[in-house]
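Colleague: Here you go, one structure.
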Amino acid sequence: MEIKIGHDSDTHPLKKGKVLYLCGIKIPYDKGLEGHSDADVVLHSVAGSIIGALGLGDLGTLFKDDNPDYKDIRSDYFIYKVNDLMKLYGYKINNIDITIYIEKPKINEYIINMKDHLANLLNISNDKINIKATHLEGLGFIGRGEGVTADSVVLLIK
């Protein structure tokens, strides 16, 4: 059995008038994440960690942020594509661990839906996914409500 591990982190600023998507779930809030796509930091981080485990660079390597095809696209697309790559290389997910750094809104009530959505996108059981959220007690850009970061670690097996 061959094992590979990947890690990635993604950060986007919060902006009024945008829709907040985290792990593919629309979160009610007066701000959303700004970026070329829907800026879903969780799905970007997960896609990046899979790409990293496969040794294929990062999300921006495979999906350029100046490509008009990806303008405002839902980040589910990136997960589908990296899942296809993972299968092409003969790997499957053993587990994923995700941390979301966000001051507001509180998102604990959405975590089960996030896990279910990601499990569905990757065609795995949701017990292979762990998602936790934390805030920074008012410190830094996250604590001031200016942005959101997500980290993820994935373990792939062949």
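Ligands are numbered from 1 in the order shown, chains are lettered A, B, ... in the order of the structure tokens, and residues start at 1 in each chain.
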Can you tell me, as a ChimeraX atom specification, what residues are no more than 8 Å from Val154 in chain A when counting only C-alpha atoms, ignoring any on the same chain fewer than 2 positions away?
Modeller: /A:5-7,46,49-50,53,93-97,152,156
Colleague: Output as a PyMOL selection string all residues of chain A that backbone DSSP marks as alpha helix (DSSP H).
Modeller: chain A and resi 41-53+59-62+76-88+111-122+140-143
Colleague: Got a sec: who's within 7 Å of range 68-83 of chain A, counting only C-alpha atoms, leaving out chain neighbours fewer than 5 positions off, as a PyMOL selection string?
Modeller: chain A and resi 24+36-38+40+43-44+47+50-51+121-122
Colleague: Using the chain letters and numbers from this document, which residues of chain A does DSSP assign to strand (DSSP E), as a ChimeraX atom specification?
Modeller: /A:3-16,20-22,25-27,31-33,92-101,129-134,147-157
Colleague: So that I can check the surroundings of Leu54 in chain A, please list as a list in words every protein, DNA and RNA residue that reaches within 8 Å of it, counting only C-alpha atoms and ignoring chain neighbours fewer than 5 positions away.
Modeller: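 Answer for this query is Lys4, Gly6, Met86 and Tyr89 of chain A.
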Colleague: Now that the selection is made, can you save its residues with N, CA and C atoms as a compact mmCIF listing (two decimals), in the first residue's frame?
Modeller:
# COMPACT_ATOMS: atom_id res chain seq x y z
N LYS A 4 0.11 8.76 0.57
CA LYS A 4 0.59 10.12 0.30
C LYS A 4 -0.23 11.09 1.14
N GLY A 6 -1.16 15.29 1.78
CA GLY A 6 -1.14 16.63 1.19
C GLY A 6 -1.73 17.63 2.16
N MET A 86 -7.25 12.15 -8.98
CA MET A 86 -6.87 11.21 -7.93
C MET A 86 -7.15 9.77 -8.36
N TYR A 89 -4.74 8.51 -11.05
CA TYR A 89 -3.45 8.11 -10.49
C TYR A 89 -3.57 6.89 -9.56
Colleague: Expressed in Å to a single decimal, how great is the separation between CA of Val42 in chain A and CA of Ile107 in chain A?
Modeller: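 Taking CA of Val42 in chain A and CA of Ile107 in chain A, their separation equals 12.7 Å.
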Colleague: Here is a test: counting only C-alpha atoms, which residue of A:Leu62, A:Ile129, A:Pro28, A:Leu88 is nearest to Glu109 in chain A?
Modeller: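 Going through A:Leu62, A:Ile129, A:Pro28, A:Leu88 one by one, the smallest distance to Glu109 in chain A is for A:Pro28.
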Colleague: Show me, as a compact mmCIF listing (two decimals) with N, CA and C atoms, in the first residue's frame, the residues that have an atom within 7 Å of range 141-148 of chain A when counting only C-alpha atoms, minus same-chain residues fewer than 5 positions from it.
Modeller:
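The resulting file, out.txt, is reproduced below:
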# COMPACT_ATOMS: atom_id res chain seq x y z
N THR A 11 -7.01 31.45 1.74
CA THR A 11 -7.55 32.63 2.42
C THR A 11 -8.17 33.55 1.39
N HIS A 12 -9.33 34.09 1.72
CA HIS A 12 -9.97 35.11 0.87
C HIS A 12 -10.56 36.19 1.77
N PRO A 13 -10.63 37.41 1.24
CA PRO A 13 -11.25 38.49 2.01
C PRO A 13 -12.77 38.41 1.99
N LEU A 14 -13.38 38.89 3.06
CA LEU A 14 -14.83 39.03 3.13
C LEU A 14 -15.22 40.38 2.56
N TYR A 101 -10.94 28.93 9.91
CA TYR A 101 -10.67 30.06 10.80
C TYR A 101 -11.59 31.20 10.40
N ILE A 102 -12.59 31.47 11.24
CA ILE A 102 -13.61 32.48 10.92
C ILE A 102 -14.12 33.08 12.22
N GLU A 103 -14.22 34.39 12.26
CA GLU A 103 -14.73 35.05 13.47
C GLU A 103 -16.26 35.07 13.47
N LYS A 104 -16.82 35.54 12.37
CA LYS A 104 -18.27 35.59 12.20
C LYS A 104 -18.57 35.27 10.76
N HIS A 135 -12.31 30.52 16.00
CA HIS A 135 -12.19 31.96 15.79
C HIS A 135 -10.92 32.43 16.47
N LEU A 136 -10.52 33.65 16.19
CA LEU A 136 -9.23 34.15 16.67
C LEU A 136 -9.36 35.21 17.75
Colleague: Which value, in Å to one decimal, gives the distance between CA of Asp8 in chain A and CA of Val153 in chain A?
Modeller: 6.7 Å
